[in-house]
Each structure stands twice: as structure tokens, then as C-alpha cells.
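Dropping final-v7.txt in here (compact mmCIF, C-alpha atoms):
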# COMPACT_ATOMS: atom_id res chain seq x y z
CA MET N 1 -22.36 -2.63 8.34
CA ILE N 2 -21.28 -5.79 10.17
CA HIS N 3 -18.38 -7.76 8.72
CA PHE N 4 -16.94 -11.09 9.90
CA ALA N 5 -13.17 -11.36 9.53
CA TRP N 6 -13.17 -15.17 9.94
CA PRO N 7 -16.64 -16.29 8.76
CA TRP N 8 -15.50 -19.89 8.18
CA LEU N 9 -15.54 -20.41 11.96
CA TRP N 10 -19.34 -20.54 11.76
CA LEU N 11 -18.79 -24.13 10.59
CA ILE N 12 -17.98 -25.22 14.14
CA LEU N 13 -21.41 -24.14 15.42
CA PRO N 14 -22.93 -27.68 15.28
CA LEU N 15 -19.82 -29.26 16.83
CA PRO N 16 -21.40 -30.09 20.26
CA TRP N 17 -24.38 -31.77 18.56
CA LEU N 18 -22.08 -33.77 16.28
CA ILE N 19 -19.99 -34.96 19.23
CA ARG N 20 -23.11 -36.02 21.12
CA ARG N 21 -24.52 -37.70 18.00
CA PHE N 22 -21.50 -39.79 16.99
CA PHE N 23 -19.61 -40.33 20.25
CA PRO N 24 -21.09 -42.54 23.01
CA ALA N 25 -21.60 -40.99 26.41
CA ALA N 26 -19.06 -41.85 29.08
CA LYS N 27 -20.18 -44.28 31.73
CA THR N 28 -20.77 -42.83 35.17
CA SER N 29 -18.09 -45.11 36.66
CA GLU N 30 -15.49 -44.07 34.09
CA GLN N 31 -13.92 -40.72 33.24
CA ALA N 32 -14.81 -39.41 29.82
CA ALA N 33 -11.97 -39.49 27.30
CA LEU N 34 -13.13 -36.30 25.60
CA LYS N 35 -14.11 -33.17 27.47
CA VAL N 36 -16.20 -30.63 25.56
CA PRO N 37 -17.53 -27.50 27.29
CA PHE N 38 -21.26 -27.71 27.94
CA LEU N 39 -21.55 -31.03 26.04
CA GLU N 40 -23.21 -32.75 28.97
CA ASP N 41 -25.93 -30.09 28.87
CA PHE N 42 -27.08 -31.41 25.50
CA SER N 43 -27.47 -34.91 26.91
CA VAL N 44 -30.97 -36.19 27.55
CA ALA N 45 -29.86 -38.08 30.63
CA GLN N 46 -29.08 -35.66 33.40
CA SER N 47 -27.75 -36.34 36.82
CA GLN N 48 -30.31 -37.60 39.26
CA GLN N 49 -29.39 -34.79 41.63
CA ALA N 50 -30.52 -32.13 39.12
CA SER N 51 -34.10 -31.12 39.45
CA GLN N 52 -36.31 -31.59 36.43
CA SER N 53 -37.37 -27.95 36.41
CA ASN N 54 -33.77 -26.71 35.98
CA LYS N 55 -32.91 -28.88 32.97
CA PRO N 56 -34.28 -26.53 30.26
CA TRP N 57 -32.56 -23.48 31.75
CA ALA N 58 -29.17 -25.19 31.85
CA LEU N 59 -29.56 -26.43 28.31
CA TRP N 60 -30.47 -23.03 26.88
CA LEU N 61 -27.74 -21.25 28.82
CA ALA N 62 -25.17 -23.70 27.42
CA VAL N 63 -26.51 -23.31 23.87
CA ALA N 64 -26.47 -19.50 24.13
CA ALA N 65 -22.94 -19.46 25.60
CA TRP N 66 -21.65 -21.72 22.81
CA CYS N 67 -23.29 -19.59 20.09
CA LEU N 68 -21.81 -16.42 21.57
CA LEU N 69 -18.34 -17.99 21.72
CA VAL N 70 -18.58 -18.99 18.05
CA LEU N 71 -19.80 -15.50 17.18
CA ALA N 72 -16.84 -13.93 19.00
CA SER N 73 -14.39 -16.28 17.26
CA THR N 74 -15.53 -15.05 13.82
CA ARG N 75 -14.27 -11.55 14.75
CA PRO N 76 -17.30 -9.39 14.00
CA GLN N 77 -16.34 -5.86 12.93
CA TRP N 78 -18.26 -2.68 12.26
CA LEU N 79 -17.25 -1.13 8.92
CA GLY N 80 -17.63 2.61 8.59
CA GLU N 81 -18.37 4.56 5.42
CA PRO N 82 -15.69 4.37 2.67
CA ILE N 83 -13.17 7.22 2.89
CA GLU N 84 -11.48 8.37 -0.29
CA GLN N 85 -7.71 8.91 -0.38
CA GLY N 86 -5.83 10.42 -3.25
CA VAL N 87 -2.52 8.71 -3.92
CA SER N 88 -0.17 10.25 -6.46
CA GLY N 89 2.80 7.97 -5.93
CA ARG N 90 5.10 11.00 -6.03
CA ASP N 91 8.11 11.39 -3.77
CA LEU N 92 8.63 15.11 -3.15
CA MET N 93 11.55 16.52 -1.19
CA LEU N 94 11.76 20.10 0.06
CA ALA N 95 15.22 21.63 0.55
CA VAL N 96 15.18 24.90 2.53
CA ASP N 97 18.13 27.26 2.98
CA LEU N 98 18.88 28.16 6.62
CA SER N 99 22.03 30.19 5.97
CA GLY N 100 22.64 33.55 7.64
CA SER N 101 21.41 35.58 4.65
CA MET N 102 17.87 34.21 5.16
CA LYS N 103 17.51 36.57 8.15
CA GLU N 104 17.01 39.55 5.81
CA HIS N 105 13.66 41.25 6.58
CA ASP N 106 12.47 41.97 3.04
CA PHE N 107 9.15 40.08 3.04
CA ILE N 108 5.73 41.14 4.29
CA VAL N 109 3.39 38.70 6.05
CA ASN N 110 0.16 40.00 7.63
CA ASN N 111 1.34 43.59 7.10
CA GLN N 112 4.53 42.97 9.07
CA ALA N 113 8.09 42.80 7.83
CA VAL N 114 9.51 39.32 8.40
CA ASP N 115 12.67 37.48 7.49
CA ARG N 116 12.86 35.22 4.46
CA LEU N 117 12.72 32.02 6.45
CA THR N 118 9.48 33.06 8.20
CA ALA N 119 7.89 33.89 4.84
CA THR N 120 9.07 30.54 3.48
CA LYS N 121 7.53 28.66 6.40
CA THR N 122 4.20 30.49 5.98
CA VAL N 123 3.86 29.67 2.30
CA ALA N 124 5.44 26.21 2.39
CA ASN N 125 3.04 25.10 5.15
CA GLU N 126 0.09 25.83 2.87
CA PHE N 127 1.79 23.94 0.04
CA ILE N 128 2.49 20.90 2.26
CA GLU N 129 -1.13 20.86 3.44
CA ARG N 130 -2.33 20.53 -0.17
CA ARG N 131 -0.02 17.64 -1.08
CA VAL N 132 -2.43 14.87 -0.11
CA GLY N 133 -1.17 11.55 -1.47
CA ASP N 134 2.49 12.59 -1.86
CA ARG N 135 5.31 11.28 0.27
CA LEU N 136 7.08 14.37 1.56
CA GLY N 137 10.57 14.82 2.97
CA LEU N 138 12.51 17.81 4.30
CA ILE N 139 16.16 18.77 3.87
CA LEU N 140 17.64 21.73 5.74
CA PHE N 141 20.94 23.12 4.53
CA GLY N 142 23.46 25.82 5.31
CA THR N 143 27.15 25.04 5.60
CA ASN N 144 26.01 21.39 5.74
CA ALA N 145 22.92 19.59 4.50
CA TYR N 146 20.78 17.50 6.85
CA LEU N 147 17.83 15.21 6.32
CA GLN N 148 15.30 16.60 8.77
CA THR N 149 12.36 14.39 7.72
CA PRO N 150 12.55 11.20 5.62
CA LEU N 151 9.88 10.53 3.00
CA SER N 152 6.52 10.13 4.71
CA PHE N 153 2.79 10.57 4.16
CA ASP N 154 2.70 12.34 7.54
CA ARG N 155 2.37 15.94 6.38
CA LYS N 156 1.81 17.24 9.91
CA THR N 157 5.23 16.04 11.05
CA VAL N 158 6.89 17.69 8.05
CA GLN N 159 5.14 20.96 8.89
CA ILE N 160 6.12 20.77 12.56
CA LEU N 161 9.80 20.13 11.82
CA LEU N 162 9.86 22.88 9.19
CA ASN N 163 8.36 25.35 11.68
CA GLU N 164 10.92 24.32 14.31
CA SER N 165 13.87 25.08 12.00
CA ALA N 166 15.93 28.15 12.86
CA LEU N 167 18.36 30.43 11.08
CA GLY N 168 21.94 29.26 11.29
CA LEU N 169 20.92 25.80 12.49
CA ALA N 170 22.93 24.19 9.67
CA GLY N 171 25.65 26.85 9.52
CA GLU N 172 26.01 30.34 8.06
CA SER N 173 27.19 29.39 4.54
CA THR N 174 25.23 27.79 1.66
CA ALA N 175 25.89 24.26 0.41
CA ILE N 176 23.47 23.96 -2.51
CA GLY N 177 25.38 21.09 -4.15
CA ASP N 178 25.37 19.03 -0.96
CA ALA N 179 21.63 19.54 -0.53
CA ILE N 180 21.00 18.24 -4.04
CA GLY N 181 23.37 15.33 -3.46
CA LEU N 182 21.53 14.37 -0.27
CA ALA N 183 18.19 14.48 -2.10
CA VAL N 184 19.58 12.19 -4.83
CA LYS N 185 20.79 9.74 -2.19
CA ARG N 186 17.42 9.63 -0.45
CA LEU N 187 15.36 9.37 -3.65
CA GLN N 188 17.49 7.17 -5.91
CA ASN N 189 15.81 3.94 -4.82
CA GLN N 190 12.30 5.29 -5.28
CA GLN N 191 10.07 4.88 -8.32
CA ALA N 192 11.37 6.64 -11.43
CA ASN N 193 9.42 9.58 -12.94
CA SER N 194 8.03 10.44 -9.52
CA ARG N 195 11.07 12.06 -7.87
CA VAL N 196 10.84 15.79 -7.32
CA LEU N 197 13.05 18.24 -5.39
CA ILE N 198 11.98 21.81 -4.61
CA LEU N 199 15.07 23.77 -3.60
CA LEU N 200 14.70 27.23 -2.07
CA THR N 201 17.68 29.51 -1.49
CA ASP N 202 18.58 33.19 -1.42
CA GLY N 203 22.27 33.02 -2.25
CA ALA N 204 25.07 31.27 -4.08
CA ASN N 205 26.93 28.06 -3.33
CA THR N 206 29.64 28.97 -0.81
CA ALA N 207 30.25 25.66 0.94
CA GLY N 208 30.01 21.91 0.50
CA GLU N 209 31.98 19.18 -1.22
CA VAL N 210 29.93 18.95 -4.44
CA SER N 211 29.39 21.79 -6.90
CA PRO N 212 25.75 22.56 -7.73
CA ILE N 213 26.23 21.88 -11.46
CA LYS N 214 27.85 18.50 -10.85
CA ALA N 215 25.12 17.61 -8.37
CA ALA N 216 22.49 18.57 -10.96
CA GLU N 217 24.12 16.28 -13.52
CA ILE N 218 24.00 13.39 -11.04
CA ALA N 219 20.36 14.23 -10.28
CA ALA N 220 19.53 14.14 -14.00
CA GLN N 221 21.11 10.69 -14.27
CA HIS N 222 18.83 9.48 -11.49
CA GLN N 223 15.77 11.13 -13.07
CA LEU N 224 15.34 13.60 -10.22
CA LYS N 225 13.49 16.70 -11.36
CA ILE N 226 14.53 19.88 -9.54
CA TYR N 227 12.51 23.08 -9.22
CA THR N 228 14.66 25.90 -7.90
CA ILE N 229 13.33 29.03 -6.21
CA GLY N 230 15.43 32.15 -5.75
CA ILE N 231 14.02 34.13 -2.82
CA GLY N 232 14.65 37.76 -1.88
CA ALA N 233 13.57 41.27 -2.86
CA ASP N 234 15.35 43.19 -5.63
CA GLU N 235 15.20 46.46 -3.76
CA MET N 236 14.67 47.73 -0.23
CA ILE N 237 15.13 50.99 1.66
CA VAL N 238 17.83 50.99 4.32
CA ARG N 239 18.27 53.82 6.83
CA SER N 240 21.84 54.88 7.49
CA PHE N 241 23.85 57.81 8.83
CA PHE N 242 23.68 59.36 5.36
CA GLY N 243 19.88 58.98 5.08
CA ASN N 244 17.72 56.43 3.28
CA GLN N 245 19.46 54.31 0.68
CA ARG N 246 18.15 51.85 -1.90
CA VAL N 247 20.02 48.56 -1.81
CA ASN N 248 19.66 45.19 -3.51
CA PRO N 249 19.38 42.58 -0.74
CA SER N 250 19.58 39.78 -3.34
CA ARG N 251 22.88 40.77 -4.89
CA ASP N 252 24.40 37.43 -3.85
CA LEU N 253 21.65 35.35 -5.45
CA ASP N 254 23.16 33.13 -8.18
CA GLU N 255 20.21 32.97 -10.56
CA LYS N 256 22.36 31.65 -13.40
CA THR N 257 23.37 28.54 -11.47
CA LEU N 258 19.84 27.93 -10.21
CA THR N 259 18.54 28.16 -13.77
CA ILE N 260 21.12 25.66 -15.02
CA ILE N 261 20.24 23.24 -12.22
CA ALA N 262 16.57 23.35 -13.16
CA GLU N 263 17.20 23.02 -16.91
CA LYS N 264 19.55 20.06 -16.54
CA THR N 265 16.98 18.10 -14.54
CA GLY N 266 13.86 19.00 -16.50
CA GLY N 267 12.54 21.42 -13.89
CA ARG N 268 12.12 25.19 -13.80
CA TYR N 269 13.60 28.17 -12.02
CA PHE N 270 11.34 30.63 -10.24
CA ARG N 271 12.03 34.05 -8.76
CA ALA N 272 10.20 35.07 -5.56
CA ARG N 273 10.67 38.74 -4.70
CA ASN N 274 7.77 38.94 -2.25
CA THR N 275 5.23 36.77 -0.45
CA ASP N 276 2.64 36.97 -3.24
CA GLU N 277 5.12 35.75 -5.84
CA LEU N 278 6.19 32.94 -3.53
CA LYS N 279 2.57 31.84 -3.13
CA LYS N 280 2.02 31.91 -6.90
CA ILE N 281 5.12 29.76 -7.40
CA TYR N 282 3.85 27.07 -5.05
CA GLN N 283 0.43 27.22 -6.71
CA LEU N 284 2.13 26.76 -10.09
CA LEU N 285 4.05 23.79 -8.69
CA ASP N 286 0.70 22.25 -7.82
CA GLU N 287 -0.21 22.51 -11.50
CA LEU N 288 3.14 21.23 -12.78
CA GLU N 289 3.11 18.30 -10.37
CA PRO N 290 -0.58 17.37 -9.94
CA VAL N 291 -1.45 15.93 -6.57
CA GLU N 292 -3.87 13.17 -7.43
CA LYS N 293 -3.07 10.33 -9.84
CA ASP N 294 -5.52 7.67 -8.74
CA LYS N 295 -7.88 7.07 -5.87
CA GLN N 296 -7.95 4.54 -3.10
CA PHE N 297 -10.63 3.89 -0.53
CA PHE N 298 -10.46 2.49 2.96
CA ARG N 299 -13.13 1.76 5.53
CA PRO N 300 -12.48 2.26 9.24
CA ARG N 301 -13.00 -0.92 11.27
CA ASN N 302 -14.08 -1.27 14.88
CA GLU N 303 -13.72 -4.66 16.56
CA LEU N 304 -16.91 -6.01 18.18
CA PHE N 305 -15.81 -9.51 19.27
CA PHE N 306 -15.43 -8.53 22.94
CA TRP N 307 -19.21 -7.98 23.29
CA PRO N 308 -20.29 -11.57 22.51
CA LEU N 309 -17.21 -12.89 24.31
CA GLY N 310 -18.13 -10.98 27.46
CA ALA N 311 -21.74 -12.16 27.26
CA ALA N 312 -20.58 -15.76 26.85
CA LEU N 313 -18.39 -15.51 29.95
CA ILE N 314 -21.33 -14.16 31.96
CA LEU N 315 -23.52 -17.08 30.86
CA VAL N 316 -20.76 -19.57 31.71
CA ALA N 317 -20.49 -18.06 35.18
CA LEU N 318 -24.28 -18.24 35.61
CA LEU N 319 -24.27 -21.86 34.43
CA SER N 320 -21.55 -22.71 36.94
CA LEU N 321 -23.60 -21.22 39.76
CA ILE N 322 -26.61 -23.29 38.76
CA ARG N 323 -24.52 -26.48 38.73
CA ILE N 324 -23.14 -25.69 42.16
CA ARG N 325 -26.69 -25.35 43.42
CA TRP N 326 -27.62 -28.70 41.88
CA THR N 327 -24.80 -30.48 43.67

Representation of the structure as C-alpha cells:
Amino acid sequence: MIHFAWPWLWLILPLPWLIRRFFPAAKTSEQAALKVPFLEDFSVAQSQQASQSNKPWALWLAVAAWCLLVLASTRPQWLGEPIEQGVSGRDLMLAVDLSGSMKEHDFIVNNQAVDRLTATKTVANEFIERRVGDRLGLILFGTNAYLQTPLSFDRKTVQILLNESALGLAGESTAIGDAIGLAVKRLQNQQANSRVLILLTDGANTAGEVSPIKAAEIAAQHQLKIYTIGIGADEMIVRSFFGNQRVNPSRDLDEKTLTIIAEKTGGRYFRARNTDELKKIYQLLDELEPVEKDKQFFRPRNELFFWPLGAALILVALLSLIRIRWT
């Protein structure tokens, strides 16, 4: 449908007629005090040099040009169909461990053994895609914690930067406390009861300036809910000089600390031993933190003013050519 952004400008449409009606015409020997485009074309008295047959054409060209200029000034727009957007108002931060232990190949994706970070990216990308209406951010941590993506509705950018992350990018150790502290800092000024941190790690806190428990207490004070995910298989077969051996690749995982962090902040701890469990955890997070709270609609707008403006300019040029011919 057509919409006029400034419809009140239609009020100036009769302006040339009003000027002609209430202001006397300038004498031929004097210069007019007020110059109005095309006003003289509305005058009954035309120059003696103009032929009688051309008077109606000039008048109608001037009228059409003026109407088109007024139409352009009202900013006509074409409104498309309403598009629904879900807006939850939730600020959700993802914190992903990039420490050296995440290179363990104990996950299966598409029937191939992959490292833990690759499995995390595969599942987390699907989770991010579903979070329509949330503002998402990304923290990457190892020996240090870094804000990779600030809170944004741009889910594609979050996915791209997550996929570009690499093992060891933030150091070989694990600073869980610093990652939580950084999330608190970035979320503390946001709306209460809408702050969520999903922290994924495969080890224990081995670096950083803040202990995970202390960081969790600070997070609880700022009403930041933390869901922790411990990632890594419980058992895998390793070939060695002495034959195949069963080992626990997650022996360094500090499940006790991760559980305390979640409980102190009102969240939950989850254990992901394989890709299927990791997918189920993210699906459960969708249920615990519903995506859609209310709905908003917007209509795409396309500006149309340049069409009547261009037509008006063409008519003005044509009118000028006719006047040149008269003279």
C-alpha cells in the first residue's frame, strides 16, 4: 500500500492559486517582489509575444509540475506486508573453552571422529540459529578470557566468529573464573532477569585471577544465571605399544565446581559425553529459556518520491523550452 510520510504538505497544493488571488500582479515596468515558480502561468494575462494556442499547454504543464512537486514533498512510500519478529528481551552470552584439552578427538560428527571444539561449533551453530529475538554474545577463553562478540541481534556474525575460533587461540590453560567475570561485566548493565550465560568447558580452572566459585557468587549478586556444560567422553580406546587401552579422556573435568557454579546462580549443570547428548542439552536450554516472549511487527518501506520528482523536473524542462520558443 502507498503511505505518505509527510501528508501535511498536501496543504500547500493551492498555494499558487492563493498567491494569484490575494497578491496583485507586478506591473510590466517593475520587477515583481515575490517570485513563485510557474505563478505567471496561472495568470489570465499572458505576454503578447505568446501565441494564443500555446497558453493552455503552458498552464497545464505548470499545474502538473507543481502537483508532482507537492506529491514528491510528501514522501510517498510503498509499505510491504507486515513481517513478524519474536523479541524475547533476553541477553544470552556463550562462553566456549579453547584450551589445549579441547583438541581431544572423542566426538563423532557425520560418522567421523572430530575434536571437542568442532563438535561444539556444529551443535552451537544450530542453537544460535534458533535464538531469534535474543541478543547473543560470545566469549572465548583459555589462559585468558576475551570478548569475541558483544551482545547483538546479528546471529550470523556470532556464528561466523565462533566458526573462526581455533584451539589455543586464548592460551592452553583454562580460566573459567575469568570467563564468568567477563560475562558479569558485559551483562551487569542489562535488564535484570534476562541475563544468561552458557559456559562450556572440558576441564578444571587452571588459570586466571578469579576463582570460579567467587566469580559465581558475583554473578549471583548481579542476577546472572549460568548454565554449565561439561564436555568430553567418559571412555575411549587408545592404541599404544602395549595394545589397545581404555582411558578416561575427561579425567580433568571438574564436575563438582561446574555444578556449584550452576547452583549458586540458579542454573543447571549438564554433562555432554557425545554429540547426541550435546544436542539434547541445547534443546533443553531452548525449553528452559524460551525464545519468544512477545511479538513485534515491522513493514519494509521503499521510497517512491524520486518518481514524481523526476517527472516534475522533466515537465519544468519542457516548459522552459516552450517559453524559449515564445520569446

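The space between atom CA of Thr275 of chain N and atom CA of Ile231 of chain N spans 9.5 Å.
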
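In this model, the gap between atom CA of Leu98 of chain N and atom CA of Leu200 of chain N comes to 9.7 Å.
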
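The gap separating atom CA of Trp6 of chain N from atom CA of Thr74 of chain N is 4.5 Å, in Å to one decimal.
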
| query | Got a sec: who's within 10 Å of Glu263 of chain N, counting all atoms listed in the file, leaving out chain neighbours fewer than 4 positions off, as JSON, numbers by chain? | reply | {"N": [216, 220, 225, 226, 227, 228, 257, 258, 259, 267, 268, 269]}

Which residues come within 12 Å of Asn110 of chain N, counting all atoms listed in the file, excluding same-chain residues fewer than 4 positions away, as an mmCIF file with C-alpha atoms, in the frame of the given file?
data_model
loop_
_atom_site.group_PDB
_atom_site.id
_atom_site.type_symbol
_atom_site.label_atom_id
_atom_site.label_comp_id
_atom_site.auth_asym_id
_atom_site.auth_seq_id
_atom_site.Cartn_x
_atom_site.Cartn_y
_atom_site.Cartn_z
ATOM 1 C CA VAL N 114 9.510 39.320 8.400
ATOM 2 C CA THR N 118 9.480 33.060 8.200
ATOM 3 C CA ALA N 119 7.890 33.890 4.840
ATOM 4 C CA THR N 122 4.200 30.490 5.980
ATOM 5 C CA THR N 275 5.230 36.770 -0.450
ATOM 6 C CA ASP N 276 2.640 36.970 -3.240
#

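Residue nearest Gly310 of chain N, chosen from N:Ala113, N:Leu199, N:Met102, N:Ala65 and counting only C-alpha atoms: N:Ala65.
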
| query | Which neighbours of segment 157-169 of chain N fall inside 7 Å, counting only C-alpha atoms, when residues of the same chain fewer than 3 positions from it are skipped, and could you give them as number ranges by chain? | reply | N: 98-100, 103, 121, 125, 137-138, 149, 154, 172

Would you put the residues from that selection into a file with C-alpha atoms, as a PDB file, keeping the file's coordinate frame?
ATOM      1  CA  LEU N  98      18.880  28.160   6.620  1.00  0.00           C
ATOM      2  CA  SER N  99      22.030  30.190   5.970  1.00  0.00           C
ATOM      3  CA  GLY N 100      22.640  33.550   7.640  1.00  0.00           C
ATOM      4  CA  LYS N 103      17.510  36.570   8.150  1.00  0.00           C
ATOM      5  CA  LYS N 121       7.530  28.660   6.400  1.00  0.00           C
ATOM      6  CA  ASN N 125       3.040  25.100   5.150  1.00  0.00           C
ATOM      7  CA  GLY N 137      10.570  14.820   2.970  1.00  0.00           C
ATOM      8  CA  LEU N 138      12.510  17.810   4.300  1.00  0.00           C
ATOM      9  CA  THR N 149      12.360  14.390   7.720  1.00  0.00           C
ATOM     10  CA  ASP N 154       2.700  12.340   7.540  1.00  0.00           C
ATOM     11  CA  GLU N 172      26.010  30.340   8.060  1.00  0.00           C
TER      12      GLU N 172
END

| query | Of the candidates N:Asp286, N:Met1, N:Thr174, N:Leu318, which one gets nearest to Pro82 of chain N if we count all atoms listed in the file? | reply | N:Met1

Using 6 Å of padding on each side, determine the axis-aligned box around all atoms of segment 94-110 of chain N present in the file and give its centre and edge lengths in Å to one decimal, as JSON.
{"center_x": 11.4, "center_y": 31.0, "center_z": 4.1, "size_x": 34.5, "size_y": 33.9, "size_z": 20.1}

| request: Go through N:Glu217, N:Leu313, N:Asp178, N:Leu117 and flag the residue nearest Gly266 of chain N, using only C-alpha atoms for the distances. | output: N:Glu217

| task | List every protein, DNA or RNA residue that has an atom no more than 9 Å from (17.6, 14.3, 7.0) in the file's coordinate frame, counting only C-alpha atoms, and report them as a ChimeraX atom specification. | result | /N:137-140,145-150,182,186

| message | I'd like the contact shell of Gly80 of chain N - 8 Å cut-off, all atoms listed in the file, skipping same-chain residues fewer than 3 positions apart - returned as a PyMOL selection string. | response | chain N and resi 1+299-301

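Residue nearest Asp234 of chain N within the list N:Thr201, N:Gln283, N:Ser211, N:Asn274: N:Asn274 [criterion: smallest interatomic distance, all atoms listed in the file].
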
| task | Please provide as a PyMOL selection string all residues within 9 Å of Ile218 of chain N, with the sequence filter that same-chain residues fewer than 5 positions apart are discarded (counting all atoms listed in the file). | result | chain N and resi 181+184+213+223-224

| N:Gln77, N:Gln221, N:Thr120, N:Gln112: which is nearest Pro308 of chain N, counting all atoms listed in the file? | N:Gln77

| request: Point out the residue among N:Glu104, N:Glu126, N:Val316, N:Gly208 with the least atom-to-atom distance to Ser250 of chain N, counting all atoms listed in the file. | output: N:Glu104

Kindly add all heavy atoms to the incomplete segment 303-312 of chain N and provide the output as an mmCIF file, in the frame of the given file.
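Writing done, so here's part_20.cif:
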data_model
loop_
_atom_site.group_PDB
_atom_site.id
_atom_site.type_symbol
_atom_site.label_atom_id
_atom_site.label_comp_id
_atom_site.auth_asym_id
_atom_site.auth_seq_id
_atom_site.Cartn_x
_atom_site.Cartn_y
_atom_site.Cartn_z
ATOM 1 N N GLU N 303 -13.524 -3.275 16.118
ATOM 2 C CA GLU N 303 -13.720 -4.660 16.560
ATOM 3 C C GLU N 303 -14.908 -4.749 17.516
ATOM 4 O O GLU N 303 -15.083 -3.906 18.400
ATOM 5 C CB GLU N 303 -12.455 -5.169 17.251
ATOM 6 C CG GLU N 303 -11.228 -5.238 16.341
ATOM 7 C CD GLU N 303 -11.311 -6.391 15.352
ATOM 8 O OE1 GLU N 303 -12.208 -7.246 15.512
ATOM 9 O OE2 GLU N 303 -10.480 -6.443 14.431
ATOM 10 N N LEU N 304 -15.723 -5.801 17.346
ATOM 11 C CA LEU N 304 -16.910 -6.010 18.180
ATOM 12 C C LEU N 304 -16.875 -7.341 18.922
ATOM 13 O O LEU N 304 -17.823 -7.656 19.664
ATOM 14 C CB LEU N 304 -18.177 -5.962 17.308
ATOM 15 C CG LEU N 304 -18.416 -4.677 16.507
ATOM 16 C CD1 LEU N 304 -19.651 -4.842 15.631
ATOM 17 C CD2 LEU N 304 -18.578 -3.480 17.433
ATOM 18 N N PHE N 305 -15.818 -8.153 18.730
ATOM 19 C CA PHE N 305 -15.810 -9.510 19.270
ATOM 20 C C PHE N 305 -15.926 -9.544 20.798
ATOM 21 O O PHE N 305 -16.414 -10.524 21.372
ATOM 22 C CB PHE N 305 -14.537 -10.249 18.845
ATOM 23 C CG PHE N 305 -13.289 -9.752 19.506
ATOM 24 C CD1 PHE N 305 -12.858 -10.299 20.706
ATOM 25 C CD2 PHE N 305 -12.540 -8.737 18.935
ATOM 26 C CE1 PHE N 305 -11.711 -9.844 21.321
ATOM 27 C CE2 PHE N 305 -11.392 -8.271 19.541
ATOM 28 C CZ PHE N 305 -10.977 -8.829 20.745
ATOM 29 N N PHE N 306 -15.444 -8.488 21.475
ATOM 30 C CA PHE N 306 -15.430 -8.530 22.940
ATOM 31 C C PHE N 306 -16.838 -8.483 23.538
ATOM 32 O O PHE N 306 -17.034 -8.897 24.678
ATOM 33 C CB PHE N 306 -14.580 -7.390 23.511
ATOM 34 C CG PHE N 306 -14.877 -6.045 22.927
ATOM 35 C CD1 PHE N 306 -15.901 -5.260 23.429
ATOM 36 C CD2 PHE N 306 -14.122 -5.554 21.866
ATOM 37 C CE1 PHE N 306 -16.174 -4.020 22.908
ATOM 38 C CE2 PHE N 306 -14.383 -4.295 21.334
ATOM 39 C CZ PHE N 306 -15.418 -3.527 21.850
ATOM 40 N N TRP N 307 -17.837 -7.998 22.767
ATOM 41 C CA TRP N 307 -19.210 -7.980 23.290
ATOM 42 C C TRP N 307 -19.782 -9.393 23.402
ATOM 43 O O TRP N 307 -20.249 -9.774 24.492
ATOM 44 C CB TRP N 307 -20.103 -7.094 22.411
ATOM 45 C CG TRP N 307 -19.756 -5.644 22.482
ATOM 46 C CD1 TRP N 307 -19.129 -4.887 21.546
ATOM 47 C CD2 TRP N 307 -20.015 -4.754 23.582
ATOM 48 N NE1 TRP N 307 -18.968 -3.592 21.965
ATOM 49 C CE2 TRP N 307 -19.506 -3.476 23.220
ATOM 50 C CE3 TRP N 307 -20.623 -4.906 24.834
ATOM 51 C CZ2 TRP N 307 -19.592 -2.383 24.058
ATOM 52 C CZ3 TRP N 307 -20.706 -3.804 25.666
ATOM 53 C CH2 TRP N 307 -20.200 -2.566 25.283
ATOM 54 N N PRO N 308 -19.784 -10.201 22.337
ATOM 55 C CA PRO N 308 -20.290 -11.570 22.510
ATOM 56 C C PRO N 308 -19.398 -12.412 23.426
ATOM 57 O O PRO N 308 -19.903 -13.288 24.144
ATOM 58 C CB PRO N 308 -20.305 -12.137 21.083
ATOM 59 C CG PRO N 308 -19.369 -11.280 20.314
ATOM 60 C CD PRO N 308 -19.451 -9.920 20.927
ATOM 61 N N LEU N 309 -18.107 -12.138 23.431
ATOM 62 C CA LEU N 309 -17.210 -12.890 24.310
ATOM 63 C C LEU N 309 -17.551 -12.605 25.773
ATOM 64 O O LEU N 309 -17.621 -13.524 26.609
ATOM 65 C CB LEU N 309 -15.763 -12.520 24.021
ATOM 66 C CG LEU N 309 -14.700 -13.212 24.884
ATOM 67 C CD1 LEU N 309 -14.768 -14.726 24.717
ATOM 68 C CD2 LEU N 309 -13.309 -12.692 24.535
ATOM 69 N N GLY N 310 -17.772 -11.340 26.090
ATOM 70 C CA GLY N 310 -18.130 -10.980 27.460
ATOM 71 C C GLY N 310 -19.457 -11.584 27.873
ATOM 72 O O GLY N 310 -19.613 -12.085 29.002
ATOM 73 N N ALA N 311 -20.442 -11.575 26.950
ATOM 74 C CA ALA N 311 -21.740 -12.160 27.260
ATOM 75 C C ALA N 311 -21.622 -13.667 27.484
ATOM 76 O O ALA N 311 -22.278 -14.227 28.383
ATOM 77 C CB ALA N 311 -22.721 -11.871 26.123
ATOM 78 N N ALA N 312 -20.771 -14.322 26.686
ATOM 79 C CA ALA N 312 -20.580 -15.760 26.850
ATOM 80 C C ALA N 312 -19.973 -16.070 28.213
ATOM 81 O O ALA N 312 -20.374 -17.038 28.886
ATOM 82 C CB ALA N 312 -19.688 -16.299 25.729
#
